[in-house]
Amino acid sequence: MKRVLGVYDAADPHWIGDGFPVVSLFSYQRHGARVSPFLQLDYAGPHEFAPAATPRGIAAHPHRGIETVTFCVQGGIAHRDSAGQGGLLLPGDVQWMTAGAGLLHEELHSPAFTQRGGTLEALQLWINLPAALKWTAPAYQPIAGANIPCIEIPGGRLRLVAGDCDAVRAPARPRTPMAVWELVLEGGEPFEWRMPEGWSALLVALHGAAALADGTRLGARQTAIFEREGNVVRIAAAPRLHALLLSGEPIDEALAGRGPFVMNTPAELEQAFADAAAGRFGRMPD
C-alpha cells in the first residue's frame, strides 16, 4: 500500500491570456521531484463567457522540453502550432502535444464557442521529457472523446487516456511509461488503483471528495501525493468523486524550468529563451 506524503490545496487563481482563468492544482515548483514525471496541472473554470466577436485565449507562445495534455470538459478550444498541426477540442476530447525541441502554439476559444458563449472548463497537464528526448521533433496527438476507452468498475467508471488497464489499451502514446486515467465513483464504492512498484502517484480530486484507506480525506481541487514505494492505492468515494489518477516512472534528472520551458541545466534554459527571442521556434501558419 502506498503511503500518503501529503494533501495539497490549489494555488491562488490567475488568468492565462484573457480566455483561461486557472488554478494550479500541483506543480514541480511547489512539490518537487515527488510529482515526476508530471510537472503541473492547471484547471481552467468553470467560467461563464459572454458571446464575443473575437476569440479569447492565449496567443502564440513557445514551449520546449515538455509535453502538454489538454482536456476539454465544457466549451470548445481551437489549437494551432508552428509545426502545422491544429484542430478543435470539444467536450470529452483530449490533445497530447509534444513540444520537444520547440514550437510555438496558440490556444483560443473555438469559433462556435466564441460566438455563442457559455461555460468553459478545461485541464492542462504538463509532463516532463528526459534529457534524451528533450530534443525530439514536435508531435501532436488529437484524441477524440469517442476514441477514449471507458471501463465500467463497481460504482463508477475509468476513462483511459494513457496507460493500459485490464488489457484495455489507451490511445495516447506518451514518451515515458505512465498512466493518465479519469475516474468517476458514485455511491461510496471503493476502488483499488494499482501501478508498477516505484512509480510516482497523484490523486487529483476535481469534484466531490474521497476517503483513502488510511483515513486521509481529499476534497475538491485538492491533490494527494503518494510515496514511490508500494503499488496500490485504495480509494472510496464520499459520496461522489471525479478525479484524475496520474502515475508514472519518475525521471530522476536535474530540472531547470521557468515559464514555458523545462530543461535540465540553467544553460539550456537560457538557450531556450534566446532561441525564442531570435525566432527559432518556427512561424505560425497564416
# chains A, B, ... in the order shown; residues from 1 in each chain; ligands from 1
>>> select_by_dssp(residues="stretch 34-180 of chain A", states="strand (DSSP E)", output="CSV table (one decimal) with N, CA, C and O atoms, in the first residue's frame")
chain,number,residue,atom,x,y,z
A,38,PHE,N,5.4,14.1,-14.0
A,38,PHE,CA,4.5,15.2,-14.2
A,38,PHE,C,5.1,16.5,-13.7
A,38,PHE,O,5.9,16.5,-12.8
A,39,LEU,N,4.7,17.6,-14.3
A,39,LEU,CA,5.2,18.9,-13.9
A,39,LEU,C,4.2,19.8,-13.3
A,39,LEU,O,4.5,20.4,-12.2
A,40,GLN,N,3.0,19.9,-13.9
A,40,GLN,CA,2.0,20.7,-13.3
A,40,GLN,C,0.7,20.4,-13.9
A,40,GLN,O,0.6,19.8,-15.0
A,41,LEU,N,-0.4,20.8,-13.2
A,41,LEU,CA,-1.8,20.6,-13.7
A,41,LEU,C,-2.5,21.9,-13.4
A,41,LEU,O,-2.7,22.3,-12.3
A,42,ASP,N,-3.0,22.6,-14.5
A,42,ASP,CA,-3.8,23.8,-14.4
A,42,ASP,C,-5.3,23.4,-14.7
A,42,ASP,O,-5.6,22.7,-15.7
A,43,TYR,N,-6.2,24.0,-13.9
A,43,TYR,CA,-7.6,23.7,-14.0
A,43,TYR,C,-8.3,25.0,-14.4
A,43,TYR,O,-8.2,26.0,-13.6
A,44,ALA,N,-8.8,25.1,-15.6
A,44,ALA,CA,-9.5,26.4,-16.0
A,44,ALA,C,-11.0,26.3,-15.9
A,44,ALA,O,-11.6,25.3,-16.3
A,45,GLY,N,-11.6,27.3,-15.2
A,45,GLY,CA,-13.0,27.3,-15.0
A,45,GLY,C,-13.5,26.5,-13.8
A,45,GLY,O,-12.7,26.1,-13.0
A,46,PRO,N,-14.8,26.1,-13.9
A,46,PRO,CA,-15.8,26.5,-14.8
A,46,PRO,C,-16.0,28.0,-14.8
A,46,PRO,O,-16.1,28.6,-13.7
A,47,HIS,N,-16.1,28.6,-16.0
A,47,HIS,CA,-16.2,30.1,-16.0
A,47,HIS,C,-17.2,30.4,-17.2
A,47,HIS,O,-17.1,29.8,-18.3
A,48,GLU,N,-18.1,31.4,-16.9
A,48,GLU,CA,-19.1,31.8,-17.9
A,48,GLU,C,-18.5,32.9,-18.8
A,48,GLU,O,-18.0,33.9,-18.2
A,49,PHE,N,-18.5,32.7,-20.1
A,49,PHE,CA,-18.1,33.8,-21.0
A,49,PHE,C,-19.3,34.2,-21.8
A,49,PHE,O,-20.1,33.4,-22.3
A,57,GLY,N,-8.4,33.9,-25.4
A,57,GLY,CA,-7.4,32.8,-25.2
A,57,GLY,C,-6.0,33.3,-25.0
A,57,GLY,O,-5.8,34.3,-24.4
A,58,ILE,N,-5.1,32.5,-25.4
A,58,ILE,CA,-3.7,32.8,-25.3
A,58,ILE,C,-3.0,32.8,-26.7
A,58,ILE,O,-3.1,31.8,-27.4
A,59,ALA,N,-2.4,33.9,-27.0
A,59,ALA,CA,-1.8,34.0,-28.3
A,59,ALA,C,-0.5,33.1,-28.4
A,59,ALA,O,-0.1,32.4,-27.5
A,60,ALA,N,0.1,33.1,-29.6
A,60,ALA,CA,1.2,32.2,-29.9
A,60,ALA,C,2.3,32.4,-28.9
A,60,ALA,O,2.7,33.5,-28.6
A,61,HIS,N,2.8,31.3,-28.3
A,61,HIS,CA,3.9,31.3,-27.3
A,61,HIS,C,4.7,30.0,-27.4
A,61,HIS,O,4.2,29.0,-28.0
A,62,PRO,N,5.9,30.0,-27.0
A,62,PRO,CA,6.8,28.8,-27.2
A,62,PRO,C,6.8,27.8,-26.1
A,62,PRO,O,6.4,28.1,-24.9
A,63,HIS,N,7.2,26.6,-26.4
A,63,HIS,CA,7.5,25.6,-25.4
A,63,HIS,C,8.7,24.8,-25.9
A,63,HIS,O,8.9,24.6,-27.1
A,66,ILE,N,9.0,19.6,-23.0
A,66,ILE,CA,7.9,19.1,-22.3
A,66,ILE,C,6.8,18.5,-23.3
A,66,ILE,O,6.9,18.7,-24.5
A,67,GLU,N,5.8,17.8,-22.7
A,67,GLU,CA,4.6,17.5,-23.4
A,67,GLU,C,3.4,18.2,-22.6
A,67,GLU,O,3.5,18.4,-21.4
A,68,THR,N,2.4,18.6,-23.4
A,68,THR,CA,1.2,19.1,-22.7
A,68,THR,C,0.0,18.3,-23.1
A,68,THR,O,-0.1,17.8,-24.3
A,69,VAL,N,-0.9,18.0,-22.1
A,69,VAL,CA,-2.1,17.3,-22.4
A,69,VAL,C,-3.3,18.1,-22.0
A,69,VAL,O,-3.4,18.5,-20.8
A,70,THR,N,-4.1,18.5,-23.0
A,70,THR,CA,-5.3,19.4,-22.7
A,70,THR,C,-6.6,18.6,-22.8
A,70,THR,O,-6.8,17.9,-23.8
A,71,PHE,N,-7.4,18.7,-21.8
A,71,PHE,CA,-8.7,18.1,-21.7
A,71,PHE,C,-9.8,19.2,-21.8
A,71,PHE,O,-9.8,20.1,-21.0
A,72,CYS,N,-10.7,19.0,-22.8
A,72,CYS,CA,-11.8,19.9,-22.9
A,72,CYS,C,-13.0,19.3,-22.2
A,72,CYS,O,-13.4,18.2,-22.5
A,73,VAL,N,-13.5,19.9,-21.1
A,73,VAL,CA,-14.6,19.4,-20.3
A,73,VAL,C,-15.9,20.0,-20.8
A,73,VAL,O,-16.9,19.4,-21.0
A,74,GLN,N,-15.9,21.4,-20.9
A,74,GLN,CA,-17.0,22.1,-21.4
A,74,GLN,C,-16.5,23.3,-22.3
A,74,GLN,O,-15.4,23.8,-22.1
A,77,ILE,N,-12.2,24.6,-27.7
A,77,ILE,CA,-10.8,25.2,-27.7
A,77,ILE,C,-10.3,24.9,-29.1
A,77,ILE,O,-10.4,23.8,-29.7
A,78,ALA,N,-9.7,25.9,-29.7
A,78,ALA,CA,-9.0,25.8,-31.0
A,78,ALA,C,-7.5,25.9,-30.8
A,78,ALA,O,-7.0,26.8,-30.1
A,79,HIS,N,-6.8,25.0,-31.4
A,79,HIS,CA,-5.3,24.9,-31.3
A,79,HIS,C,-4.7,25.0,-32.7
A,79,HIS,O,-5.1,24.4,-33.6
A,80,ARG,N,-3.6,25.8,-32.7
A,80,ARG,CA,-2.7,25.8,-33.9
A,80,ARG,C,-1.2,25.9,-33.4
A,80,ARG,O,-1.0,26.5,-32.4
A,81,ASP,N,-0.3,25.3,-34.2
A,81,ASP,CA,1.1,25.4,-33.8
A,81,ASP,C,2.0,25.6,-35.0
A,81,ASP,O,1.6,25.4,-36.2
A,86,GLY,N,-3.0,21.2,-35.7
A,86,GLY,CA,-4.0,22.0,-35.1
A,86,GLY,C,-5.4,21.3,-35.2
A,86,GLY,O,-5.5,20.2,-35.8
A,87,GLY,N,-6.3,21.9,-34.5
A,87,GLY,CA,-7.7,21.3,-34.5
A,87,GLY,C,-8.5,21.8,-33.4
A,87,GLY,O,-8.1,22.7,-32.7
A,88,LEU,N,-9.7,21.3,-33.3
A,88,LEU,CA,-10.7,21.7,-32.3
A,88,LEU,C,-10.8,20.7,-31.3
A,88,LEU,O,-10.8,19.5,-31.5
A,89,LEU,N,-10.9,21.1,-30.0
A,89,LEU,CA,-11.2,20.3,-28.9
A,89,LEU,C,-12.7,20.6,-28.4
A,89,LEU,O,-13.0,21.7,-28.0
A,94,VAL,N,-9.3,15.2,-26.0
A,94,VAL,CA,-8.0,15.4,-25.4
A,94,VAL,C,-7.0,15.6,-26.5
A,94,VAL,O,-7.1,15.0,-27.5
A,95,GLN,N,-6.1,16.5,-26.2
A,95,GLN,CA,-5.0,16.8,-27.2
A,95,GLN,C,-3.6,16.6,-26.4
A,95,GLN,O,-3.4,17.1,-25.3
A,96,TRP,N,-2.8,15.7,-27.0
A,96,TRP,CA,-1.5,15.4,-26.4
A,96,TRP,C,-0.4,16.0,-27.4
A,96,TRP,O,-0.3,15.5,-28.5
A,97,MET,N,0.2,17.0,-26.9
A,97,MET,CA,1.2,17.7,-27.7
A,97,MET,C,2.6,17.5,-27.2
A,97,MET,O,2.9,17.8,-26.0
A,98,THR,N,3.5,17.1,-28.0
A,98,THR,CA,4.9,17.0,-27.7
A,98,THR,C,5.7,18.2,-28.2
A,98,THR,O,5.8,18.4,-29.4
A,103,LEU,N,8.5,24.6,-30.3
A,103,LEU,CA,7.5,25.1,-31.2
A,103,LEU,C,6.7,26.2,-30.6
A,103,LEU,O,6.8,26.5,-29.4
A,104,LEU,N,6.0,26.9,-31.4
A,104,LEU,CA,5.0,27.9,-31.0
A,104,LEU,C,3.6,27.3,-31.1
A,104,LEU,O,3.3,26.5,-32.0
A,105,HIS,N,2.7,27.7,-30.2
A,105,HIS,CA,1.3,27.3,-30.4
A,105,HIS,C,0.4,28.4,-29.7
A,105,HIS,O,0.8,29.1,-28.9
A,106,GLU,N,-0.8,28.4,-30.2
A,106,GLU,CA,-1.8,29.2,-29.6
A,106,GLU,C,-3.0,28.4,-29.2
A,106,GLU,O,-3.3,27.4,-29.9
A,107,GLU,N,-3.7,28.8,-28.2
A,107,GLU,CA,-4.9,28.2,-27.7
A,107,GLU,C,-6.0,29.2,-27.5
A,107,GLU,O,-5.8,30.1,-26.6
A,108,LEU,N,-7.0,29.1,-28.3
A,108,LEU,CA,-8.1,30.1,-28.3
A,108,LEU,C,-9.4,29.4,-28.1
A,108,LEU,O,-9.6,28.2,-28.3
A,109,HIS,N,-10.4,30.2,-27.7
A,109,HIS,CA,-11.8,29.6,-27.7
A,109,HIS,C,-12.2,29.3,-29.1
A,109,HIS,O,-11.8,30.1,-30.0
A,118,GLY,N,-20.9,30.8,-23.1
A,118,GLY,CA,-21.3,29.7,-22.3
A,118,GLY,C,-20.2,29.4,-21.3
A,118,GLY,O,-19.3,30.2,-20.9
A,119,THR,N,-20.2,28.1,-20.8
A,119,THR,CA,-19.3,27.7,-19.7
A,119,THR,C,-18.1,27.0,-20.4
A,119,THR,O,-18.2,26.1,-21.2
A,120,LEU,N,-16.9,27.5,-19.9
A,120,LEU,CA,-15.6,26.9,-20.3
A,120,LEU,C,-15.1,26.1,-19.1
A,120,LEU,O,-15.0,26.7,-18.0
A,121,GLU,N,-14.7,24.9,-19.3
A,121,GLU,CA,-14.0,24.1,-18.3
A,121,GLU,C,-13.0,23.3,-19.0
A,121,GLU,O,-13.3,22.5,-19.9
A,122,ALA,N,-11.7,23.3,-18.5
A,122,ALA,CA,-10.6,22.6,-19.2
A,122,ALA,C,-9.5,22.3,-18.2
A,122,ALA,O,-9.4,22.9,-17.1
A,123,LEU,N,-8.7,21.3,-18.6
A,123,LEU,CA,-7.5,21.0,-17.8
A,123,LEU,C,-6.3,20.9,-18.7
A,123,LEU,O,-6.4,20.5,-19.9
A,124,GLN,N,-5.1,21.3,-18.2
A,124,GLN,CA,-3.9,21.1,-19.0
A,124,GLN,C,-2.8,20.6,-18.0
A,124,GLN,O,-2.5,21.2,-17.0
A,125,LEU,N,-2.3,19.4,-18.4
A,125,LEU,CA,-1.3,18.7,-17.7
A,125,LEU,C,0.0,18.9,-18.4
A,125,LEU,O,0.1,18.7,-19.6
A,126,TRP,N,1.1,19.3,-17.7
A,126,TRP,CA,2.4,19.3,-18.3
A,126,TRP,C,3.2,18.1,-17.8
A,126,TRP,O,3.2,17.7,-16.6
A,127,ILE,N,3.9,17.5,-18.8
A,127,ILE,CA,4.7,16.3,-18.5
A,127,ILE,C,6.2,16.5,-18.9
A,127,ILE,O,6.4,17.1,-20.0
A,128,ASN,N,7.1,16.1,-18.1
A,128,ASN,CA,8.5,16.3,-18.4
A,128,ASN,C,9.0,15.3,-19.4
A,128,ASN,O,8.4,14.2,-19.6
A,139,ALA,N,5.4,16.9,-32.0
A,139,ALA,CA,4.4,16.0,-32.5
A,139,ALA,C,3.1,16.3,-31.8
A,139,ALA,O,3.0,17.0,-30.8
A,140,TYR,N,2.0,15.8,-32.4
A,140,TYR,CA,0.6,16.2,-32.0
A,140,TYR,C,-0.3,15.0,-32.1
A,140,TYR,O,-0.3,14.3,-33.1
A,141,GLN,N,-1.0,14.6,-31.0
A,141,GLN,CA,-1.9,13.5,-31.0
A,141,GLN,C,-3.3,14.0,-30.6
A,141,GLN,O,-3.6,14.3,-29.4
A,142,PRO,N,-4.2,14.2,-31.6
A,142,PRO,CA,-5.6,14.6,-31.3
A,142,PRO,C,-6.3,13.3,-30.9
A,142,PRO,O,-6.3,12.3,-31.6
A,143,ILE,N,-7.0,13.3,-29.8
A,143,ILE,CA,-7.7,12.2,-29.3
A,143,ILE,C,-9.2,12.5,-29.1
A,143,ILE,O,-9.5,13.2,-28.1
A,150,CYS,N,-13.6,3.5,-22.1
A,150,CYS,CA,-14.2,3.7,-20.7
A,150,CYS,C,-14.5,2.3,-20.2
A,150,CYS,O,-15.2,1.5,-20.8
A,151,ILE,N,-14.0,2.0,-19.0
A,151,ILE,CA,-14.1,0.7,-18.3
A,151,ILE,C,-15.1,0.9,-17.2
A,151,ILE,O,-14.9,1.8,-16.3
A,152,GLU,N,-16.1,0.1,-17.2
A,152,GLU,CA,-17.1,0.1,-16.0
A,152,GLU,C,-16.4,-0.6,-14.9
A,152,GLU,O,-15.9,-1.7,-15.0
A,153,ILE,N,-16.5,0.0,-13.7
A,153,ILE,CA,-16.0,-0.6,-12.5
A,153,ILE,C,-17.1,-0.5,-11.4
A,153,ILE,O,-18.1,0.2,-11.6
A,156,GLY,N,-18.8,2.9,-10.6
A,156,GLY,CA,-18.3,4.0,-11.4
A,156,GLY,C,-17.7,3.6,-12.7
A,156,GLY,O,-18.0,2.5,-13.3
A,157,ARG,N,-16.7,4.4,-13.2
A,157,ARG,CA,-16.1,4.1,-14.5
A,157,ARG,C,-14.7,4.8,-14.5
A,157,ARG,O,-14.4,5.7,-13.8
A,158,LEU,N,-13.8,4.2,-15.4
A,158,LEU,CA,-12.5,4.7,-15.6
A,158,LEU,C,-12.4,5.1,-17.1
A,158,LEU,O,-12.8,4.3,-18.0
A,159,ARG,N,-11.9,6.2,-17.4
A,159,ARG,CA,-11.6,6.6,-18.8
A,159,ARG,C,-10.1,6.7,-19.0
A,159,ARG,O,-9.4,7.3,-18.2
A,160,LEU,N,-9.6,5.9,-19.9
A,160,LEU,CA,-8.2,5.7,-20.1
A,160,LEU,C,-7.6,6.6,-21.2
A,160,LEU,O,-7.9,6.3,-22.4
A,161,VAL,N,-6.9,7.6,-20.8
A,161,VAL,CA,-6.2,8.5,-21.8
A,161,VAL,C,-4.8,7.9,-22.2
A,161,VAL,O,-4.4,7.9,-23.4
A,162,ALA,N,-4.1,7.5,-21.2
A,162,ALA,CA,-2.8,6.9,-21.4
A,162,ALA,C,-2.6,5.8,-20.4
A,162,ALA,O,-3.1,5.8,-19.3
A,178,MET,N,3.8,5.7,-18.2
A,178,MET,CA,2.9,6.4,-17.3
A,178,MET,C,1.4,6.0,-17.6
A,178,MET,O,1.1,5.3,-18.6
A,179,ALA,N,0.5,6.4,-16.7
A,179,ALA,CA,-0.9,6.2,-16.8
A,179,ALA,C,-1.6,7.5,-16.5
A,179,ALA,O,-1.3,8.2,-15.5
A,180,VAL,N,-2.5,7.9,-17.4
A,180,VAL,CA,-3.4,9.1,-17.1
A,180,VAL,C,-4.8,8.6,-17.3
A,180,VAL,O,-5.3,8.3,-18.4
>>> select_by_dssp(residues="stretch 107-266 of chain A", states="helix (DSSP H, G or I)", output="list in words")
Pro111, Ala112, Phe113, Thr114, Gln115, Arg116, Ala131, Ala132, Leu133, Gly145, Ala146, Asn147 and Pro266 of chain A
>>> closest_residue(among="A:Leu185, A:Ala201, A:Ile235, A:Ala101", to="A:Thr216", atoms="only C-alpha atoms")
A:Ile235
>>> closest_atom_pairs(of="stretch 154-239 of chain A", to="stretch 247-265 of chain A", cutoff="9 Å", atoms="only C-alpha atoms", output="CSV")
residue,atom,partner,partner_atom,distance
A:Thr176,CA,A:Glu249,CA,7.3
A:Pro177,CA,A:Glu249,CA,5.7
A:Met178,CA,A:Gly248,CA,3.8
A:Ala179,CA,A:Ser247,CA,5.2
A:Val180,CA,A:Ser247,CA,6.8
A:Trp181,CA,A:Ser247,CA,8.8
A:Met195,CA,A:Ser247,CA,7.2
A:Pro196,CA,A:Glu249,CA,8.4
A:Gly198,CA,A:Glu249,CA,7.2
A:Trp199,CA,A:Glu249,CA,4.8
A:Ser200,CA,A:Ser247,CA,5.4
A:Ala201,CA,A:Ser247,CA,4.3
A:Leu202,CA,A:Ser247,CA,6.4
A:Leu203,CA,A:Ser247,CA,8.8
A:Arg228,CA,A:Pro250,CA,8.8
>>> write_last_selection(atoms="C-alpha atoms", output="mmCIF file, in the first residue's frame")
data_model
loop_
_atom_site.group_PDB
_atom_site.id
_atom_site.type_symbol
_atom_site.label_atom_id
_atom_site.label_comp_id
_atom_site.auth_asym_id
_atom_site.auth_seq_id
_atom_site.Cartn_x
_atom_site.Cartn_y
_atom_site.Cartn_z
ATOM 1 C CA THR A 176 7.904 7.605 -20.976
ATOM 2 C CA PRO A 177 5.926 4.970 -19.015
ATOM 3 C CA MET A 178 2.860 6.429 -17.308
ATOM 4 C CA ALA A 179 -0.894 6.203 -16.837
ATOM 5 C CA VAL A 180 -3.367 9.095 -17.132
ATOM 6 C CA TRP A 181 -6.837 7.971 -16.078
ATOM 7 C CA MET A 195 0.615 0.541 -10.683
ATOM 8 C CA PRO A 196 4.204 -0.754 -11.012
ATOM 9 C CA GLY A 198 8.410 2.563 -7.645
ATOM 10 C CA TRP A 199 6.117 4.760 -9.737
ATOM 11 C CA SER A 200 5.008 8.197 -8.594
ATOM 12 C CA ALA A 201 1.270 8.558 -7.966
ATOM 13 C CA LEU A 202 -1.038 11.565 -7.673
ATOM 14 C CA LEU A 203 -4.770 11.563 -6.999
ATOM 15 C CA ARG A 228 7.052 5.799 -4.613
#
>>> atom_distance(atom1="atom CA of A:Gly32", atom2="atom CA of A:Gly102")
23.5 Å
>>> atom_distance(atom1="atom CA of A:His14", atom2="atom CA of A:Met284")
26.2 Å
>>> residues_around(residues="A:His207", least_positions_apart="4", cutoff="12 Å", atoms="only C-alpha atoms", output="PyMOL selection string")
chain A and resi 43+46+182-186+218-223+237-244
>>> closest_residue(among="A:Gly279, A:Ala267, A:Glu192, A:Leu25", to="A:Val232", atoms="only C-alpha atoms")
A:Glu192
>>> atom_distance(atom1="atom CA of A:Glu197", atom2="atom CA of A:Glu229")
6.4 Å
